[in-house]
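> One structure is given below, represented as structure tokens, and several questions about it will come after.
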Amino acid sequence: PENVSTNWWIVDLGFANYTDETNYTTALSSGFVGTSVGKDQLKLRTGKSRNVNIWFFMQRLNVIKHVVNLKYGMGLELNNYHFDEKVEFQKNPTKIVLGTKDYKKNKLAADYITVPIMLNFNFTPTRKNGFGLSAGVSAGYLYSSRWKTKDNDDKNKLRDDFDLKKWKTSAIGELMLGPVKLYGSMALNNMWDKGLDQTPYNVGIRFSNW
């Protein structure tokens, strides 16, 4: 194996969700959420809320006999949070209210440019599709966020940061089981600057050469 190997254009497909520790009494009194908006209204549609990551590259640097490696890269982390309820986002100032429309699609999208760094343990360094695991952290910067709805053929898109935190740090990991590669991430901080206390996480499958 090479001491430094590069893998281009890696794609992750998975599910996005978050844990919700919000005090909705406080959120209501601050004006961030409207009346009747609570934890149940902000629950996500598990099958519809998705995470797609597109990594421009990842490199693996040999540290100890190709078994212990440093793994790092750069890419885009795309998260789509779909809601079952009729929640609506307003801006200037940000407020989440309960509307009256039954949307066919109702989602908040949050996209980050992200740099991951992991310690990789490759238990079969001479095999292309080997067995191993990686663990580390990532740092992402929010470059785009929007609220999108679809009502019959009427599509609407509202662009704003909605008081989402600009920076996101996460604990990340991956599991390599021959040709099958799984990934996961759990944010280390609340995704909102104020109002809500929700911590996002993602799990899915990774399409990668190693």
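Identifiers for the structure tokens are assigned positionally: chains receive A, B, ... in sequence, residues are indexed from 1 per chain, and ligands are indexed from 1 in the order shown.
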Using only C-alpha atoms, I'd like a table of the residues in range 1-47 of chain A that come within 9 Å of range 180-188 of chain A; for each, show the closest atom pair and its distance in Å rounded to one decimal, ordered by chain and ascending number, as a Markdown table.

| residue | atom | partner | partner_atom | distance |
| --- | --- | --- | --- | --- |
| A:Asp12 | CA | A:Tyr183 | CA | 7.9 |
| A:Gly14 | CA | A:Tyr183 | CA | 8.5 |
| A:Tyr18 | CA | A:Met186 | CA | 8.9 |
> Taking the chain letters and numbering used in this document, name the residues of range 42-102 of chain A that DSSP puts in strand (DSSP E), as JSON, numbers by chain.
{"A": [50, 51, 52, 53, 54, 55, 56, 57, 58, 59, 60, 61, 62, 63, 64, 68, 69, 70, 71, 72, 73, 74, 75, 76, 77, 78, 79, 80, 81, 82, 87, 88, 89, 90, 95, 96, 97, 98]}
> Contacts between range 39-61 of chain A and range 74-130 of chain A, please, where a residue of range 74-130 of chain A counts if it comes within 10 Å (with only C-alpha atoms); show its shortest atom pair and distance in Å to one decimal, rows by chain and ascending number, as JSON lines.

{"residue": "A:Met74", "atom": "CA", "partner": "A:Trp55", "partner_atom": "CA", "distance": 5.7}
{"residue": "A:Gly75", "atom": "CA", "partner": "A:Trp55", "partner_atom": "CA", "distance": 3.9}
{"residue": "A:Leu76", "atom": "CA", "partner": "A:Ile54", "partner_atom": "CA", "distance": 5.2}
{"residue": "A:Glu77", "atom": "CA", "partner": "A:Asn53", "partner_atom": "CA", "distance": 4.5}
{"residue": "A:Leu78", "atom": "CA", "partner": "A:Val52", "partner_atom": "CA", "distance": 5.1}
{"residue": "A:Asn79", "atom": "CA", "partner": "A:Asn51", "partner_atom": "CA", "distance": 4.6}
{"residue": "A:Asn80", "atom": "CA", "partner": "A:Arg50", "partner_atom": "CA", "distance": 5.3}
{"residue": "A:Tyr81", "atom": "CA", "partner": "A:Ser49", "partner_atom": "CA", "distance": 4.8}
{"residue": "A:His82", "atom": "CA", "partner": "A:Ser49", "partner_atom": "CA", "distance": 5.1}
{"residue": "A:Phe83", "atom": "CA", "partner": "A:Leu44", "partner_atom": "CA", "distance": 4.9}
{"residue": "A:Asp84", "atom": "CA", "partner": "A:Arg45", "partner_atom": "CA", "distance": 6.0}
{"residue": "A:Glu85", "atom": "CA", "partner": "A:Gln41", "partner_atom": "CA", "distance": 5.5}
{"residue": "A:Lys86", "atom": "CA", "partner": "A:Gln41", "partner_atom": "CA", "distance": 7.8}
{"residue": "A:Val87", "atom": "CA", "partner": "A:Gln41", "partner_atom": "CA", "distance": 7.0}
{"residue": "A:Ile96", "atom": "CA", "partner": "A:Leu42", "partner_atom": "CA", "distance": 9.6}
{"residue": "A:Val97", "atom": "CA", "partner": "A:Gln41", "partner_atom": "CA", "distance": 9.7}
{"residue": "A:Leu98", "atom": "CA", "partner": "A:Gln41", "partner_atom": "CA", "distance": 8.1}
{"residue": "A:Lys105", "atom": "CA", "partner": "A:Lys48", "partner_atom": "CA", "distance": 9.7}
{"residue": "A:Lys107", "atom": "CA", "partner": "A:Ser49", "partner_atom": "CA", "distance": 8.3}
{"residue": "A:Leu108", "atom": "CA", "partner": "A:Ser49", "partner_atom": "CA", "distance": 9.4}
{"residue": "A:Ala109", "atom": "CA", "partner": "A:Ser49", "partner_atom": "CA", "distance": 9.7}
{"residue": "A:Ala110", "atom": "CA", "partner": "A:Asn51", "partner_atom": "CA", "distance": 9.9}
{"residue": "A:Asp111", "atom": "CA", "partner": "A:Asn53", "partner_atom": "CA", "distance": 9.5}
{"residue": "A:Tyr112", "atom": "CA", "partner": "A:Asn53", "partner_atom": "CA", "distance": 9.5}
{"residue": "A:Ile113", "atom": "CA", "partner": "A:Trp55", "partner_atom": "CA", "distance": 9.5}
{"residue": "A:Thr114", "atom": "CA", "partner": "A:Trp55", "partner_atom": "CA", "distance": 8.7}
{"residue": "A:Val115", "atom": "CA", "partner": "A:Trp55", "partner_atom": "CA", "distance": 9.1}
{"residue": "A:Pro116", "atom": "CA", "partner": "A:Met58", "partner_atom": "CA", "distance": 8.8}
{"residue": "A:Ile117", "atom": "CA", "partner": "A:Met58", "partner_atom": "CA", "distance": 9.4}
{"residue": "A:Met118", "atom": "CA", "partner": "A:Arg60", "partner_atom": "CA", "distance": 9.4}
{"residue": "A:Leu119", "atom": "CA", "partner": "A:Arg60", "partner_atom": "CA", "distance": 9.4}
{"residue": "A:Asn120", "atom": "CA", "partner": "A:Arg60", "partner_atom": "CA", "distance": 8.2}
> Which residue, A:Phe89, A:Trp210, A:Tyr143, A:Tyr103, has the smallest gap to Phe131 in chain A when you use only C-alpha atoms?
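Distance minimum relative to Phe131 in chain A lands on A:Trp210.
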> Set the distance at 12 Å and use only C-alpha atoms: which residues neighbour Lys166 in chain A once local chain neighbours fewer than 3 positions away are removed? I'd like the list as a list in words.
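Neighbouring residues, sequence-local ones excluded: Ala110, Asp111, Tyr112, Ile113, Thr114, Ala139, Gly140, Tyr141, Leu142, Tyr143, Ser144, Ser145, Asp160, Asp161, Phe162, Asp163, Thr169, Asn189, Asn190, Met191, Trp192 and Asp193 of chain A.
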> Skipping near chain neighbours, those fewer than 5 positions away, what residues fall within 9 Å of Asn62 in chain A using only C-alpha atoms, listed as a list in words?
Pro1, Glu2, Asn3, Val4, Ser5, Val67, Val68, Asn69, Leu70 and Lys71 of chain A
> Pull N, CA and C atoms from the residues just selected and write them as an mmCIF file, in the first residue's frame.

data_model
loop_
_atom_site.group_PDB
_atom_site.id
_atom_site.type_symbol
_atom_site.label_atom_id
_atom_site.label_comp_id
_atom_site.auth_asym_id
_atom_site.auth_seq_id
_atom_site.Cartn_x
_atom_site.Cartn_y
_atom_site.Cartn_z
ATOM 1 N N PRO A 1 0.815 -1.207 0.000
ATOM 2 C CA PRO A 1 0.000 0.000 0.000
ATOM 3 C C PRO A 1 0.857 1.269 0.000
ATOM 4 N N GLU A 2 0.338 2.321 -0.607
ATOM 5 C CA GLU A 2 1.055 3.588 -0.653
ATOM 6 C C GLU A 2 0.977 4.282 0.698
ATOM 7 N N ASN A 3 2.005 5.079 0.982
ATOM 8 C CA ASN A 3 2.006 5.813 2.245
ATOM 9 C C ASN A 3 0.937 6.897 2.273
ATOM 10 N N VAL A 4 0.642 7.471 1.115
ATOM 11 C CA VAL A 4 -0.452 8.431 1.003
ATOM 12 C C VAL A 4 -1.322 8.014 -0.178
ATOM 13 N N SER A 5 -2.577 7.709 0.067
ATOM 14 C CA SER A 5 -3.495 7.340 -1.013
ATOM 15 C C SER A 5 -4.682 8.297 -0.993
ATOM 16 N N VAL A 67 -1.651 -0.014 9.173
ATOM 17 C CA VAL A 67 -2.769 -0.459 10.008
ATOM 18 C C VAL A 67 -3.404 0.744 10.697
ATOM 19 N N VAL A 68 -2.566 1.635 11.199
ATOM 20 C CA VAL A 68 -3.040 2.889 11.796
ATOM 21 C C VAL A 68 -2.751 4.014 10.812
ATOM 22 N N ASN A 69 -3.791 4.743 10.445
ATOM 23 C CA ASN A 69 -3.668 5.792 9.438
ATOM 24 C C ASN A 69 -4.386 7.055 9.899
ATOM 25 N N LEU A 70 -3.992 8.166 9.299
ATOM 26 C CA LEU A 70 -4.710 9.423 9.478
ATOM 27 C C LEU A 70 -5.536 9.659 8.220
ATOM 28 N N LYS A 71 -6.817 9.910 8.399
ATOM 29 C CA LYS A 71 -7.723 10.064 7.272
ATOM 30 C C LYS A 71 -8.382 11.442 7.343
#
> Rank nothing, just name the residue among A:Val11, A:Lys155, A:Thr6, A:Phe123 nearest to Arg206 in chain A, using only C-alpha atoms.
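Comparing A:Val11, A:Lys155, A:Thr6, A:Phe123 against Arg206 in chain A, the winner is A:Val11.
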> Between CA of Val63 in chain A and CA of Asn209 in chain A, what is the distance in Å, rounded to a tenth?
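Interatomic distance here is 19.8 Å.
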> Rank nothing, just name the residue among A:Thr199, A:Gln90, A:Ser138, A:Asn7 nearest to Val33 in chain A, using only C-alpha atoms.
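The shortest atom-to-atom distance to Val33 in chain A comes from A:Gln90.
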> For Lys157 in chain A, list every protein, DNA or RNA residue within 8 Å, evaluated using only C-alpha atoms, and leave out those in the same chain fewer than 2 positions away; present the list as a PDB file with all heavy atoms, in the first residue's frame.

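Result saved to part10.pdb:
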ATOM      1  N   ARG A 146     -32.429  26.933   3.666  1.00  0.00           N
ATOM      2  CA  ARG A 146     -33.678  27.394   3.048  1.00  0.00           C
ATOM      3  C   ARG A 146     -34.831  26.524   3.551  1.00  0.00           C
ATOM      4  O   ARG A 146     -34.637  25.362   3.913  1.00  0.00           O
ATOM      5  CB  ARG A 146     -33.594  27.362   1.526  1.00  0.00           C
ATOM      6  CG  ARG A 146     -33.292  25.986   0.978  1.00  0.00           C
ATOM      7  CD  ARG A 146     -32.371  26.033  -0.239  1.00  0.00           C
ATOM      8  NE  ARG A 146     -31.929  24.691  -0.593  1.00  0.00           N
ATOM      9  CZ  ARG A 146     -30.829  24.142  -0.108  1.00  0.00           C
ATOM     10  NH1 ARG A 146     -30.075  24.766   0.764  1.00  0.00           N
ATOM     11  NH2 ARG A 146     -30.483  22.924  -0.480  1.00  0.00           N
ATOM     12  N   TRP A 147     -36.008  27.124   3.530  1.00  0.00           N
ATOM     13  CA  TRP A 147     -37.241  26.405   3.840  1.00  0.00           C
ATOM     14  C   TRP A 147     -38.000  26.227   2.533  1.00  0.00           C
ATOM     15  O   TRP A 147     -38.268  27.196   1.823  1.00  0.00           O
ATOM     16  CB  TRP A 147     -38.067  27.190   4.856  1.00  0.00           C
ATOM     17  CG  TRP A 147     -39.426  26.615   5.130  1.00  0.00           C
ATOM     18  CD1 TRP A 147     -39.722  25.344   5.525  1.00  0.00           C
ATOM     19  CD2 TRP A 147     -40.683  27.298   5.022  1.00  0.00           C
ATOM     20  NE1 TRP A 147     -41.072  25.191   5.673  1.00  0.00           N
ATOM     21  CE2 TRP A 147     -41.693  26.379   5.378  1.00  0.00           C
ATOM     22  CE3 TRP A 147     -41.048  28.602   4.672  1.00  0.00           C
ATOM     23  CZ2 TRP A 147     -43.040  26.713   5.371  1.00  0.00           C
ATOM     24  CZ3 TRP A 147     -42.394  28.939   4.672  1.00  0.00           C
ATOM     25  CH2 TRP A 147     -43.378  27.995   5.019  1.00  0.00           C
ATOM     26  N   LYS A 148     -38.335  24.984   2.196  1.00  0.00           N
ATOM     27  CA  LYS A 148     -38.997  24.675   0.928  1.00  0.00           C
ATOM     28  C   LYS A 148     -40.329  23.986   1.192  1.00  0.00           C
ATOM     29  O   LYS A 148     -40.425  23.099   2.041  1.00  0.00           O
ATOM     30  CB  LYS A 148     -38.122  23.757   0.063  1.00  0.00           C
ATOM     31  CG  LYS A 148     -36.879  24.410  -0.495  1.00  0.00           C
ATOM     32  CD  LYS A 148     -36.109  23.458  -1.399  1.00  0.00           C
ATOM     33  CE  LYS A 148     -36.883  23.113  -2.655  1.00  0.00           C
ATOM     34  NZ  LYS A 148     -36.107  22.263  -3.584  1.00  0.00           N
ATOM     35  N   THR A 149     -41.339  24.409   0.441  1.00  0.00           N
ATOM     36  CA  THR A 149     -42.647  23.767   0.527  1.00  0.00           C
ATOM     37  C   THR A 149     -43.160  23.467  -0.868  1.00  0.00           C
ATOM     38  O   THR A 149     -42.795  24.123  -1.855  1.00  0.00           O
ATOM     39  CB  THR A 149     -43.664  24.666   1.259  1.00  0.00           C
ATOM     40  OG1 THR A 149     -43.804  25.901   0.541  1.00  0.00           O
ATOM     41  CG2 THR A 149     -43.245  24.933   2.684  1.00  0.00           C
ATOM     42  N   LYS A 155     -44.699  25.581  -5.711  1.00  0.00           N
ATOM     43  CA  LYS A 155     -43.468  25.389  -4.954  1.00  0.00           C
ATOM     44  C   LYS A 155     -42.973  26.736  -4.455  1.00  0.00           C
ATOM     45  O   LYS A 155     -42.973  27.722  -5.192  1.00  0.00           O
ATOM     46  CB  LYS A 155     -42.383  24.734  -5.825  1.00  0.00           C
ATOM     47  CG  LYS A 155     -42.735  23.343  -6.322  1.00  0.00           C
ATOM     48  CD  LYS A 155     -41.613  22.770  -7.175  1.00  0.00           C
ATOM     49  CE  LYS A 155     -41.971  21.397  -7.701  1.00  0.00           C
ATOM     50  NZ  LYS A 155     -40.885  20.836  -8.564  1.00  0.00           N
ATOM     51  N   ARG A 159     -35.143  31.655   1.506  1.00  0.00           N
ATOM     52  CA  ARG A 159     -33.734  31.529   1.884  1.00  0.00           C
ATOM     53  C   ARG A 159     -33.424  32.428   3.077  1.00  0.00           C
ATOM     54  O   ARG A 159     -33.758  33.602   3.082  1.00  0.00           O
ATOM     55  CB  ARG A 159     -32.822  31.910   0.709  1.00  0.00           C
ATOM     56  CG  ARG A 159     -32.890  30.919  -0.440  1.00  0.00           C
ATOM     57  CD  ARG A 159     -31.849  31.221  -1.497  1.00  0.00           C
ATOM     58  NE  ARG A 159     -31.859  30.241  -2.562  1.00  0.00           N
ATOM     59  CZ  ARG A 159     -31.208  29.093  -2.537  1.00  0.00           C
ATOM     60  NH1 ARG A 159     -30.470  28.783  -1.487  1.00  0.00           N
ATOM     61  NH2 ARG A 159     -31.278  28.258  -3.555  1.00  0.00           N
TER      62      ARG A 159
END
